[in-house]
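A.B. asks: Compact mmCIF, C-alpha atoms, file query.txt:
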# COMPACT_ATOMS: atom_id res chain seq x y z
CA MET A 1 6.45 -19.72 35.87
CA THR A 2 9.05 -18.44 33.43
CA SER A 3 9.22 -19.52 29.82
CA ALA A 4 12.49 -21.34 30.57
CA SER A 5 10.73 -23.35 33.27
CA ASN A 6 7.87 -24.14 30.93
CA ASN A 7 10.29 -25.34 28.24
CA HIS A 8 12.14 -27.49 30.80
CA LYS A 9 8.85 -28.97 31.99
CA THR A 10 7.74 -29.69 28.41
CA ASN A 11 11.03 -31.40 27.52
CA ARG A 12 10.89 -33.38 30.75
CA SER A 13 7.34 -34.55 29.89
CA LYS A 14 8.44 -35.60 26.40
CA LYS A 15 11.33 -37.63 27.86
CA LYS A 16 9.02 -39.25 30.39
CA CYS A 17 6.54 -40.16 27.64
CA SER A 18 9.28 -41.62 25.42
CA SER A 19 10.78 -43.59 28.33
CA THR A 20 7.40 -45.03 29.28
CA ALA A 21 6.77 -46.17 25.72
CA PHE A 22 10.23 -47.74 25.59
CA TYR A 23 9.67 -49.80 28.77
CA VAL A 24 6.21 -50.90 27.65
CA ILE A 25 7.63 -52.13 24.33
CA LEU A 26 10.49 -53.85 26.19
CA VAL A 27 8.03 -55.77 28.39
CA LEU A 28 5.96 -56.72 25.36
CA ASN A 29 9.08 -58.01 23.58
CA PHE A 30 9.90 -60.12 26.65
CA LEU A 31 6.41 -61.58 26.71
CA GLN A 32 6.55 -62.22 22.98
CA PHE A 33 9.95 -63.95 23.28
CA ASN A 34 8.79 -66.24 26.08
CA SER A 35 5.54 -66.98 24.26
CA GLN A 36 7.53 -68.01 21.21
CA LYS A 37 9.62 -70.34 23.39
CA ILE A 38 6.44 -71.87 24.72
CA ILE A 39 5.16 -72.29 21.18
CA GLY A 40 8.42 -73.99 20.24
CA SER A 41 8.07 -76.45 23.08
CA GLU A 42 4.45 -77.09 22.33
CA ARG A 43 5.19 -77.55 18.63
CA LEU A 44 7.76 -80.20 19.58
CA VAL A 45 5.23 -81.97 21.72
CA GLU A 46 2.72 -81.72 18.89
CA LYS A 47 5.22 -83.26 16.46
CA ASN A 48 5.86 -86.18 18.78
CA ILE A 49 2.18 -87.03 18.91
CA ASN A 50 1.30 -86.42 15.29
CA HIS A 51 1.14 -90.16 14.75
CA ILE A 52 -1.98 -90.13 16.87
CA ASP A 53 -3.88 -88.92 13.78
CA ASN A 54 -3.54 -92.49 12.37
CA PRO A 55 -2.99 -94.63 15.41
CA SER A 56 -1.62 -98.14 14.76
CA ASN A 57 -2.56 -99.11 18.25
CA PRO A 58 -6.20 -98.60 19.12
CA LEU A 59 -5.14 -97.79 22.67
CA GLU A 60 -3.32 -94.65 21.47
CA SER A 61 -6.63 -93.17 20.34
CA ASN A 62 -7.29 -92.34 23.96
CA ASN A 63 -4.65 -89.52 23.61
CA ILE A 64 -6.70 -87.59 21.01
CA PRO A 65 -8.26 -85.23 23.60
CA ASN A 66 -4.73 -84.31 24.77
CA ARG A 67 -3.68 -83.47 21.19
CA LEU A 68 -6.75 -81.29 20.65
CA LEU A 69 -6.05 -79.46 23.90
CA ILE A 70 -2.47 -78.73 22.80
CA VAL A 71 -3.61 -77.39 19.42
CA GLN A 72 -6.16 -75.18 21.14
CA LYS A 73 -3.48 -73.75 23.44
CA LEU A 74 -1.17 -73.10 20.49
CA ASN A 75 -3.93 -71.16 18.71
CA GLU A 76 -4.53 -69.08 21.84
CA ILE A 77 -0.81 -68.28 22.12
CA ASP A 78 -0.71 -67.31 18.41
CA ALA A 79 -3.58 -64.90 19.02
CA ILE A 80 -1.76 -63.39 22.02
CA LEU A 81 1.40 -62.86 19.96
CA LYS A 82 -0.55 -61.10 17.23
CA SER A 83 -2.19 -58.86 19.87
CA ILE A 84 1.24 -58.02 21.27
CA ASP A 85 2.53 -57.08 17.80
CA SER A 86 -0.52 -54.89 17.19
CA LEU A 87 -0.17 -53.20 20.59
CA LYS A 88 3.53 -52.49 19.97
CA ASN A 89 2.75 -50.84 16.64
CA GLU A 90 0.00 -48.71 18.17
CA ILE A 91 2.33 -47.49 20.93
CA ILE A 92 5.08 -46.59 18.44
CA ILE A 93 2.64 -44.73 16.15
CA ALA A 94 0.91 -42.92 19.02
CA ASN A 95 4.23 -41.84 20.55
CA GLY A 96 5.45 -40.56 17.16
CA LEU A 97 2.22 -38.62 16.48
CA LYS A 98 2.33 -37.05 19.92
CA SER A 99 5.91 -35.84 19.41
CA GLU A 100 4.96 -34.51 15.96
CA ASN A 101 1.94 -32.64 17.33
CA GLN A 102 4.02 -31.14 20.12
CA HIS A 103 6.61 -30.05 17.56
CA ASN A 104 3.97 -28.50 15.27
CA TYR A 105 2.35 -26.66 18.18
CA LYS A 106 5.72 -25.24 19.24
CA ASP A 107 6.46 -24.08 15.69
CA GLU A 108 3.02 -22.52 15.37
CA LEU A 109 3.40 -20.72 18.70
CA LEU A 110 6.74 -19.20 17.68
CA ASN A 111 5.74 -18.37 14.11
CA ASN A 112 2.70 -16.37 15.22
CA PHE A 113 4.85 -13.73 16.94
CA GLU A 114 5.45 -10.60 14.86
CA ILE A 115 8.29 -8.23 15.70
CA ALA A 116 8.52 -4.77 14.16
CA GLY A 117 10.13 -1.51 15.08
CA PHE A 118 11.61 1.79 13.99
CA PHE A 119 14.07 4.48 15.02
CA ASP A 120 15.07 7.92 13.83
CA LEU A 121 18.23 10.00 14.08
CA ARG A 122 18.01 13.80 14.20
CA HIS A 123 20.34 16.70 13.78
CA VAL A 124 19.01 20.19 14.62
CA ARG A 125 20.81 23.46 13.89
CA ASN A 126 19.65 26.79 15.28
CA LEU A 127 19.99 29.25 12.41
CA ASN A 128 19.81 32.33 14.65
CA ASP A 129 23.08 31.71 16.49
CA ASN A 130 24.39 28.94 14.21
CA THR A 131 24.57 26.33 16.98
CA ASN A 132 23.56 22.69 16.87
CA GLY A 133 22.70 19.93 19.27
CA GLY A 134 24.62 17.19 17.51
CA LEU A 135 23.20 13.91 16.21
CA ASN A 136 20.74 12.22 18.58
CA PHE A 137 18.03 9.60 18.74
CA GLY A 138 14.53 10.97 18.35
CA GLN A 139 12.46 7.82 18.79
CA PHE A 140 13.37 4.17 19.12
CA GLU A 141 10.60 1.62 19.47
CA ILE A 142 10.32 -2.17 19.23
CA GLY A 143 6.88 -3.75 19.07
CA ILE A 144 5.84 -7.38 19.56
CA SER A 145 2.40 -8.68 18.63
CA LYS A 146 0.75 -12.09 18.59
CA SER A 147 -2.61 -13.38 17.40
CA VAL A 148 -3.76 -15.76 20.10
CA SER A 149 -6.91 -16.57 18.14
CA LYS A 150 -9.25 -15.01 15.59
CA LEU A 151 -10.75 -13.08 18.49
CA ILE A 152 -7.78 -12.10 20.67
CA SER A 153 -4.44 -10.47 19.91
CA LEU A 154 -1.67 -9.16 22.16
CA GLU A 155 0.41 -6.09 21.41
CA SER A 156 3.29 -4.49 23.27
CA ALA A 157 5.98 -1.91 22.58
CA ILE A 158 9.19 -0.84 24.30
CA ALA A 159 10.06 2.80 23.55
CA TYR A 160 13.17 4.87 24.14
CA ASN A 161 12.64 8.01 26.21
CA SER A 162 15.12 10.50 24.74
CA GLU A 163 14.60 13.00 27.58
CA GLU A 164 15.46 10.50 30.33
CA GLY A 165 17.80 8.37 28.21
CA LYS A 166 16.16 5.00 28.97
CA PHE A 167 13.73 2.45 27.55
CA GLU A 168 10.24 2.14 29.01
CA LEU A 169 6.92 0.50 28.25
CA GLY A 170 5.25 2.43 25.43
CA ALA A 171 2.23 0.15 24.99
CA GLY A 172 0.91 -3.18 26.15
CA PHE A 173 -2.68 -4.25 25.66
CA ILE A 174 -5.04 -7.11 24.83
CA ASP A 175 -7.30 -6.53 21.83
CA PHE A 176 -10.61 -8.39 21.57
CA SER A 177 -11.90 -8.05 17.99
CA ILE A 178 -15.60 -8.93 17.95
CA TYR A 179 -16.67 -7.89 14.46
CA ASN A 180 -14.54 -7.85 11.35
CA SER A 181 -15.12 -7.93 7.60
CA GLY A 182 -12.12 -10.20 6.96
CA ALA A 183 -12.38 -13.87 6.10
CA GLU A 184 -10.52 -14.83 9.29
CA ALA A 185 -12.83 -12.85 11.57
CA LYS A 186 -14.46 -14.49 14.55
CA ILE A 187 -17.78 -12.88 13.65
CA GLN A 188 -18.08 -11.60 10.10
CA SER A 189 -20.21 -8.56 9.42
CA GLY A 190 -21.09 -6.64 6.29
CA PHE A 191 -21.81 -3.51 8.35
CA TRP A 192 -18.84 -3.41 10.72
CA LYS A 193 -15.38 -3.19 9.21
CA ASN A 194 -13.97 -3.63 12.68
CA ALA A 195 -15.29 -3.48 16.24
CA GLY A 196 -14.09 -4.63 19.64
CA PHE A 197 -12.46 -3.49 22.84
CA MET A 198 -8.98 -3.39 24.32
CA ILE A 199 -7.48 -3.32 27.81
CA GLY A 200 -4.00 -2.16 28.80
CA GLN A 201 -1.68 0.75 28.06
CA PHE A 202 -2.20 2.63 24.81
CA ASP A 203 -2.09 6.10 23.19
CA MET A 204 -5.22 8.11 23.91
CA PRO A 205 -7.27 8.38 20.66
CA PHE A 206 -7.82 12.15 20.54
CA GLY A 207 -8.04 14.05 17.25
CA ILE A 208 -6.13 12.70 14.25
CA ASP A 209 -2.48 13.43 15.07
CA TYR A 210 -2.29 10.52 17.55
CA LYS A 211 -2.18 8.25 14.48
CA CYS A 212 1.11 9.95 13.51
CA ILE A 213 2.99 9.74 16.81
CA ALA A 214 5.45 7.22 15.38
CA ALA A 215 8.17 8.80 13.24
CA PRO A 216 7.49 6.65 10.12
CA ASP A 217 3.87 7.91 10.04
CA ARG A 218 4.75 11.60 10.31
CA LYS A 219 5.75 13.62 7.24
CA LEU A 220 7.51 16.33 9.23
CA VAL A 221 10.10 16.03 11.98
CA THR A 222 8.18 17.91 14.68
CA PRO A 223 4.56 17.49 15.87
CA PRO A 224 1.90 20.21 15.49
CA LEU A 225 2.17 23.13 17.90
CA ALA A 226 -1.44 22.82 19.12
CA ASN A 227 -1.00 19.17 20.11
CA GLU A 228 2.37 19.81 21.67
CA LYS A 229 0.98 22.50 23.99
CA THR A 230 -2.20 20.63 24.99
CA ILE A 231 -2.55 16.82 25.13
CA ASN A 232 1.01 16.12 23.94
CA CYS A 233 0.69 12.44 22.89
CA MET A 234 -1.01 11.20 26.07
CA ASN A 235 -0.48 7.53 26.94
CA ASN A 236 -1.94 5.66 29.90
CA PHE A 237 -3.51 2.47 31.27
CA GLY A 238 -7.20 1.95 30.63
CA ALA A 239 -9.89 0.27 28.56
CA ALA A 240 -11.48 1.31 25.27
CA ILE A 241 -14.24 0.23 22.93
CA TYR A 242 -14.00 0.97 19.21
CA GLY A 243 -15.90 0.48 16.01
CA GLU A 244 -15.60 1.34 12.32
CA THR A 245 -18.06 1.24 9.45
CA GLU A 246 -18.05 2.64 5.95
CA PHE A 247 -19.51 5.96 7.13
CA PHE A 248 -18.27 6.50 10.69
CA ASP A 249 -15.84 5.34 13.34
CA PHE A 250 -15.60 5.86 17.10
CA THR A 251 -13.44 5.17 20.13
CA PHE A 252 -14.52 5.71 23.74
CA TRP A 253 -12.23 5.02 26.66
CA GLY A 254 -11.64 5.31 30.38
CA SER A 255 -8.15 5.41 31.87
CA ASN A 256 -6.03 6.39 34.83
CA GLY A 257 -6.23 10.11 35.40
CA LEU A 258 -3.45 12.68 35.47
CA LEU A 259 -4.09 13.06 39.20
CA ASN A 260 -3.24 10.15 41.51
CA ASN A 261 -6.82 9.76 42.77
CA GLY A 262 -8.56 10.65 39.51
CA PHE A 263 -9.67 8.94 36.35
CA ALA A 264 -10.05 10.13 32.76
CA LEU A 265 -12.88 9.67 30.27
CA GLY A 266 -12.71 10.52 26.61
CA GLY A 267 -13.61 9.63 23.09
CA ARG A 268 -13.58 10.51 19.43
CA PHE A 269 -16.28 10.22 16.79
CA GLY A 270 -15.52 10.50 13.09
CA PHE A 271 -18.00 10.94 10.25
CA LYS A 272 -16.98 9.88 6.70
CA PRO A 273 -19.47 11.08 4.08
CA LEU A 274 -16.87 10.21 1.41
CA THR A 275 -14.03 7.74 1.38
CA THR A 276 -11.63 10.69 1.02
CA LEU A 277 -13.29 12.98 3.59
CA GLU A 278 -13.53 12.68 7.35
CA LEU A 279 -14.85 15.05 10.02
CA GLY A 280 -14.15 14.31 13.65
CA THR A 281 -14.74 15.58 17.16
CA SER A 282 -12.99 14.59 20.40
CA TYR A 283 -13.44 15.17 24.11
CA LEU A 284 -11.30 14.41 27.15
CA THR A 285 -11.87 15.12 30.82
CA ASP A 286 -9.88 14.27 33.93
CA LEU A 287 -12.16 13.65 36.90
CA VAL A 288 -11.33 13.78 40.58
CA SER A 289 -14.90 12.64 41.24
CA LEU A 290 -18.10 12.46 39.23
CA ASN A 291 -18.89 15.99 40.42
CA PHE A 292 -15.53 17.67 39.76
CA ALA A 293 -13.49 17.78 36.56
CA ALA A 294 -9.82 18.75 36.86
CA THR A 295 -9.41 19.16 33.09
CA LYS A 296 -11.61 19.61 30.03
CA THR A 297 -10.31 19.34 26.48
CA PHE A 298 -12.31 19.64 23.29
CA GLY A 299 -11.10 18.94 19.75
CA ALA A 300 -12.32 19.07 16.17
CA ASP A 301 -10.48 17.72 13.11
CA PHE A 302 -10.81 17.57 9.35
CA ARG A 303 -9.02 15.43 6.75
CA TYR A 304 -9.42 15.38 2.97
CA GLU A 305 -7.52 13.52 0.23
CA PHE A 306 -7.49 14.38 -3.46
CA ASN A 307 -5.21 12.44 -5.81
CA SER A 308 -1.67 12.97 -4.42
CA LEU A 309 -2.73 15.74 -2.03
CA GLU A 310 -3.68 15.35 1.62
CA PHE A 311 -5.12 18.25 3.58
CA LYS A 312 -5.84 18.12 7.30
CA CYS A 313 -6.43 20.52 10.15
CA GLU A 314 -7.19 20.29 13.84
CA TYR A 315 -8.43 22.62 16.58
CA ILE A 316 -7.94 21.96 20.31
CA ALA A 317 -9.28 23.96 23.27
CA ALA A 318 -7.85 22.92 26.64
CA HIS A 319 -8.84 23.83 30.18
CA GLY A 320 -6.55 22.81 33.03
CA ILE A 321 -4.11 20.72 31.00
CA PHE A 322 -0.78 21.86 29.56
CA GLU A 323 1.65 19.71 27.53
CA GLY A 324 -0.10 16.55 28.69
CA GLU A 325 0.06 17.38 32.40
CA ILE A 326 -2.19 19.07 34.94
CA SER A 327 -1.77 22.84 34.64
CA SER A 328 -0.59 24.59 37.79
CA ASN A 329 -3.49 27.06 37.43
CA GLY A 330 -6.14 24.36 37.11
CA LEU A 331 -9.32 25.16 35.19
CA GLY A 332 -8.39 28.83 35.26
CA GLU A 333 -5.72 28.09 32.64
CA LYS A 334 -7.47 28.16 29.29
CA HIS A 335 -5.65 27.96 26.00
CA ASN A 336 -6.28 26.79 22.47
CA GLY A 337 -4.52 26.15 19.20
CA TYR A 338 -4.90 24.88 15.69
CA TYR A 339 -2.89 23.82 12.67
CA LEU A 340 -3.39 23.42 8.93
CA GLN A 341 -1.24 20.99 6.98
CA ILE A 342 -0.95 20.00 3.32
CA THR A 343 1.15 17.16 1.92
CA ASN A 344 1.86 16.44 -1.73
CA GLU A 345 3.32 13.19 -3.04
CA LEU A 346 5.57 14.02 -6.02
CA GLU A 347 6.41 10.52 -7.25
CA SER A 348 3.87 10.60 -10.09
CA LEU A 349 5.23 13.98 -11.22
CA LEU A 350 9.00 13.46 -10.83
CA ASN A 351 9.09 9.68 -11.11
CA LEU A 352 11.05 9.79 -7.86
CA PRO A 353 9.70 9.05 -4.34
CA PHE A 354 9.77 12.67 -3.09
CA TYR A 355 7.09 14.41 -1.05
CA ILE A 356 6.73 17.93 0.36
CA CYS A 357 4.77 19.12 3.38
CA LEU A 358 3.75 22.55 4.69
CA ARG A 359 2.13 23.30 8.04
CA TYR A 360 0.99 26.47 9.80
CA GLY A 361 0.23 26.33 13.51
CA SER A 362 -0.95 28.80 16.13
CA TRP A 363 -1.33 28.60 19.91
CA ASN A 364 -2.96 31.14 22.22
CA ALA A 365 -2.46 31.12 25.98
CA GLY A 366 -5.01 32.16 28.63
CA PHE A 367 -6.32 35.68 29.04
CA VAL A 368 -4.72 38.18 31.42
CA ASP A 369 -7.14 39.16 34.20
CA ASP A 370 -10.18 38.51 31.99
CA GLU A 371 -8.99 41.18 29.57
CA ALA A 372 -8.96 40.63 25.84
CA GLU A 373 -5.22 40.15 25.86
CA PHE A 374 -3.37 36.87 25.67
CA LYS A 375 -0.64 35.94 28.12
CA ASN A 376 1.26 34.41 25.28
CA LYS A 377 0.82 33.64 21.63
CA ILE A 378 2.96 31.58 19.26
CA ASN A 379 2.73 30.99 15.56
CA ARG A 380 4.87 28.45 13.77
CA ILE A 381 5.55 27.78 10.09
CA THR A 382 7.00 24.39 9.25
CA SER A 383 8.02 23.19 5.81
CA GLY A 384 9.71 19.96 4.85
CA ILE A 385 10.78 17.64 2.09
CA GLY A 386 11.26 13.88 2.26
CA TYR A 387 12.75 11.15 0.10
CA ARG A 388 12.11 7.40 0.39
CA ILE A 389 15.50 5.80 -0.26
CA ILE A 390 14.16 2.26 -0.09
CA ASP A 391 11.17 0.63 1.53
CA GLY A 392 11.51 1.30 5.26
CA LEU A 393 14.17 4.00 4.99
CA GLU A 394 13.49 7.75 4.57
CA ILE A 395 15.48 10.95 4.86
CA ARG A 396 13.80 14.27 5.67
CA SER A 397 14.67 17.92 6.01
CA GLU A 398 12.56 20.50 7.87
CA LEU A 399 12.71 24.27 8.20
CA HIS A 400 11.12 25.46 11.41
CA SER A 401 10.23 29.13 11.95
CA GLU A 402 8.55 30.26 15.18
CA LYS A 403 7.43 33.65 16.51
CA GLU A 404 6.48 34.07 20.15
CA LEU A 405 4.67 37.09 21.59
CA ASN A 406 7.08 39.96 22.33
CA ALA A 407 10.07 37.92 21.13
CA LYS A 408 12.18 37.58 18.00
CA ARG A 409 11.44 34.92 15.43
CA THR A 410 13.59 31.82 15.79
CA ASN A 411 14.56 29.55 12.90
CA ALA A 412 15.91 26.02 12.96
CA LEU A 413 16.87 23.43 10.35
CA SER A 414 16.39 19.73 11.10
CA LEU A 415 17.67 16.66 9.30
CA GLN A 416 16.15 13.27 10.07
CA ILE A 417 16.75 9.66 9.00
CA VAL A 418 13.90 7.24 9.72
CA ALA A 419 14.32 3.47 9.52
CA SER A 420 11.60 0.90 10.12
CA PHE A 421 11.82 -2.88 10.21
Would you kindly transcribe this structure into structure tokens?

C.D. replies:
Amino acid sequence: MTSASNNHKTNRSKKKCSSTAFYVILVLNFLQFNSQKIIGSERLVEKNINHIDNPSNPLESNNIPNRLLIVQKLNEIDAILKSIDSLKNEIIIANGLKSENQHNYKDELLNNFEIAGFFDLRHVRNLNDNTNGGLNFGQFEIGISKSVSKLISLESAIAYNSEEGKFELGAGFIDFSIYNSGAEAKIQSGFWKNAGFMIGQFDMPFGIDYKCIAAPDRKLVTPPLANEKTINCMNNFGAAIYGETEFFDFTFWGSNGLLNNGFALGGRFGFKPLTTLELGTSYLTDLVSLNFAATKTFGADFRYEFNSLEFKCEYIAAHGIFEGEISSNGLGEKHNGYYLQITNELESLLNLPFYICLRYGSWNAGFVDDEAEFKNKINRITSGIGYRIIDGLEIRSELHSEKELNAKRTNALSLQIVASF
């Protein structure tokens, strides 16, 4: 049933409830009115026989039982009228409280939804031939989340596919948080900062760059070369379990495979000996069956923070997967890559919200006929500067220099505006 149908049904139920209460009160008013008429008649009769209390004629004393009977009936009718008044008040109060509770529940249901999103505009100029691709959307994403309870939350995202020029589902999953250190947690734990499982469509947690897929989280315009040539921001339907403590975190998942009849298994484990230092390792395999793996991908990552500096690097070795898809050469296609990146926040130095970032990346393709010679090799130097105009709005510039094996170096300049809401 659609939400419109549900709303119509709810409104119809409210009207039915209000109408029922109205007719009940109408009937009670009718009974009360007629009872009061009866009381009026009986009171008149009682008045006409009041002289029986001091009868002048001894024969009239025989009517005393009749008088007592009338008084008794009047008392019974008075009690009925009071009951009717009490019942009317209860119906009015109950009907009002029910409407108020329904109203509060509706408000609470709507207020619990959180909507956020971001988009970025890019302009790229090739410095070798002085050409440009104009101004285009890079990413455009709108996310909706809702906390159903302290245990369950729903998250979804609609993302713009710039290559195909259309919106599509970027994420949609149910998150069951079992352990949490927060005061609102279902089960509080001093050991687990967070732990639970999720089911649906999500980005595959491999390495550390998957946390920077969204444009607002990335300091440079382009992703690292090693990630681009291997897993390339993989996203699929599956289930995952996760956990985080003060000293380590992990995520293990199973999902649909890259092949139609396959399935994928993977995970990442991170060790945090210091709050500013993390070492991680990742693994991903695409299985046709339990006895045959179509792809194998191994990763190692390192991240360290010191004051305003952040240093991170990542190494990925892939077998049978290329740019997030099954390689045409299968397991025979082996390649690897790495990157080193350093970011420095300059706000404390310049008293302005500037930051600079420098990254070096390298990618090596498979060997030629088992000889110690690569089919292809690329190295890329990327440098950039960013400025936070206001909260949720940044402007960035990136210089991109790339050298491919047996080819001339190419250079490109990118400008990017990132807005989040």

A.B. asks: What is the CA of Asn235 in chain A-CA of Ala171 in chain A distance in Å, reported with one decimal?

C.D. replies: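 So the answer is 8.1 Å.
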
A.B. asks: For Glu402 in chain A, work out the shell of residues within 6 Å, counting only C-alpha atoms and skipping chain neighbours fewer than 3 positions away, then give it as an MDAnalysis selection string.

C.D. replies: chainID A and resid 379:380 409:410

A.B. asks: Would you list the contacts of Phe298 in chain A as a VMD selection string, taking every protein, DNA or RNA residue within 6 Å and counting all atoms listed in the file, but skipping same-chain residues closer than 3 positions in sequence?

C.D. replies: chain A and resid 282 to 283 316 to 317

A.B. asks: Which residues, written as a PDB file with C-alpha atoms, in the frame of the given file, have at least one atom at most 6 Å from range 383-400 of chain A, with only C-alpha atoms counted and residues fewer than 3 positions away on the same chain left out?

C.D. replies:
ATOM      1  CA  PRO A 353       9.700   9.050  -4.340  1.00  0.00           C
ATOM      2  CA  PHE A 354       9.770  12.670  -3.090  1.00  0.00           C
ATOM      3  CA  TYR A 355       7.090  14.410  -1.050  1.00  0.00           C
ATOM      4  CA  ILE A 356       6.730  17.930   0.360  1.00  0.00           C
ATOM      5  CA  CYS A 357       4.770  19.120   3.380  1.00  0.00           C
ATOM      6  CA  LEU A 358       3.750  22.550   4.690  1.00  0.00           C
ATOM      7  CA  ASN A 411      14.560  29.550  12.900  1.00  0.00           C
ATOM      8  CA  ALA A 412      15.910  26.020  12.960  1.00  0.00           C
ATOM      9  CA  LEU A 413      16.870  23.430  10.350  1.00  0.00           C
ATOM     10  CA  SER A 414      16.390  19.730  11.100  1.00  0.00           C
ATOM     11  CA  LEU A 415      17.670  16.660   9.300  1.00  0.00           C
ATOM     12  CA  GLN A 416      16.150  13.270  10.070  1.00  0.00           C
ATOM     13  CA  ILE A 417      16.750   9.660   9.000  1.00  0.00           C
ATOM     14  CA  VAL A 418      13.900   7.240   9.720  1.00  0.00           C
ATOM     15  CA  ALA A 419      14.320   3.470   9.520  1.00  0.00           C
ATOM     16  CA  SER A 420      11.600   0.900  10.120  1.00  0.00           C
TER      17      SER A 420
END

A.B. asks: Between CA of Lys377 in chain A and CA of Val221 in chain A, measure the distance and give it in Å to one decimal.

C.D. replies: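 Spanning CA of Lys377 in chain A to CA of Val221 in chain A is a straight-line distance of 22.1 Å.
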
A.B. asks: Between CA of Lys312 in chain A and CA of Leu258 in chain A, what is the spacing in Å?

C.D. replies: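 Between CA of Leu258 in chain A and CA of Lys312 in chain A the gap is 28.8 Å.
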
A.B. asks: Name the closest residue to Tyr339 in chain A among the candidates A:Glu404, A:Glu228, A:Glu163, A:Glu141; distances are taken between atoms, counting all atoms listed in the file.

C.D. replies: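 Going through A:Glu404, A:Glu228, A:Glu163, A:Glu141 one by one, the smallest distance to Tyr339 in chain A is for A:Glu228.
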
A.B. asks: Here is a test: counting all atoms listed in the file, which residue of A:Pro216, A:Pro205, A:Gly320, A:Gly280 is nearest to Trp253 in chain A?

C.D. replies: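 So, comparing all the options, the nearest one is A:Pro205.
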
A.B. asks: For Ile199 in chain A, which residue among A:Gly134, A:Gly299, A:Gly254, A:Gly238 is the nearest when counting all atoms listed in the file?

C.D. replies: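 Comparing A:Gly134, A:Gly299, A:Gly254, A:Gly238 against Ile199 in chain A, the winner is A:Gly238.
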
A.B. asks: For each of A:Ile142, A:Leu405, A:Leu151, A:Leu259, take the minimum atom-to-atom distance to Phe119 in chain A, counting all atoms listed in the file, then give the residue where this is smallest.

C.D. replies: A:Ile142

A.B. asks: Find the residues near Asp209 in chain A: any atom within 10 Å, counting only C-alpha atoms, skip ones fewer than 2 places away on the same chain, and give them as number ranges by chain.

C.D. replies: A: 205-207, 211-213, 217-218, 223-224, 227, 232-233, 301, 312-314

A.B. asks: Dump as an NGL selection string all residues having an atom at most 10 Å from (-9.3, 1.8, 29.1), computed in the file's coordinates with all atoms listed in the file.

C.D. replies: :A and (173 or 197-202 or 204 or 236-241 or 252-256 or 264-266)

A.B. asks: What residues have an atom no more than 6 Å from (5.4, 1.5, 22.9) in the file's own frame, counting only C-alpha atoms, and can you write them as a compact mmCIF listing (two decimals) with C-alpha atoms, in the coordinates of the input?

C.D. replies:
# COMPACT_ATOMS: atom_id res chain seq x y z
CA ALA A 157 5.98 -1.91 22.58
CA ILE A 158 9.19 -0.84 24.30
CA ALA A 159 10.06 2.80 23.55
CA LEU A 169 6.92 0.50 28.25
CA GLY A 170 5.25 2.43 25.43
CA ALA A 171 2.23 0.15 24.99

A.B. asks: Which residue gives the smallest distance to Ser153 in chain A among A:Thr285, A:Ser177, A:Asn136, A:Asn336, with only C-alpha atoms counted?

C.D. replies: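 Under the stated criterion, the closest residue is A:Ser177.
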
A.B. asks: Can you fill out range 375-385 of chain A with N, CA and C atoms and hand it back as a compact mmCIF listing (two decimals), in the frame of the given file?

C.D. replies:
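Written output follows (out-v8.txt):
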# COMPACT_ATOMS: atom_id res chain seq x y z
N LYS A 375 -1.90 36.01 27.39
CA LYS A 375 -0.64 35.94 28.12
C LYS A 375 0.52 35.64 27.17
N ASN A 376 0.23 34.79 26.23
CA ASN A 376 1.26 34.41 25.28
C ASN A 376 0.61 33.94 23.99
N LYS A 377 1.33 34.07 22.92
CA LYS A 377 0.82 33.64 21.63
C LYS A 377 2.01 33.24 20.76
N ILE A 378 1.88 32.09 20.11
CA ILE A 378 2.96 31.58 19.26
C ILE A 378 2.37 31.18 17.91
N ASN A 379 3.06 31.54 16.87
CA ASN A 379 2.73 30.99 15.56
C ASN A 379 3.97 30.34 14.97
N ARG A 380 3.76 29.25 14.26
CA ARG A 380 4.87 28.45 13.77
C ARG A 380 4.60 28.05 12.32
N ILE A 381 5.61 28.22 11.48
CA ILE A 381 5.55 27.78 10.09
C ILE A 381 6.58 26.67 9.91
N THR A 382 6.12 25.54 9.42
CA THR A 382 7.00 24.39 9.25
C THR A 382 6.88 23.88 7.82
N SER A 383 8.01 23.74 7.17
CA SER A 383 8.02 23.19 5.81
C SER A 383 9.06 22.09 5.73
N GLY A 384 8.78 21.08 4.92
CA GLY A 384 9.71 19.96 4.85
C GLY A 384 9.65 19.23 3.53
N ILE A 385 10.70 18.48 3.27
CA ILE A 385 10.78 17.64 2.09
C ILE A 385 11.35 16.29 2.52
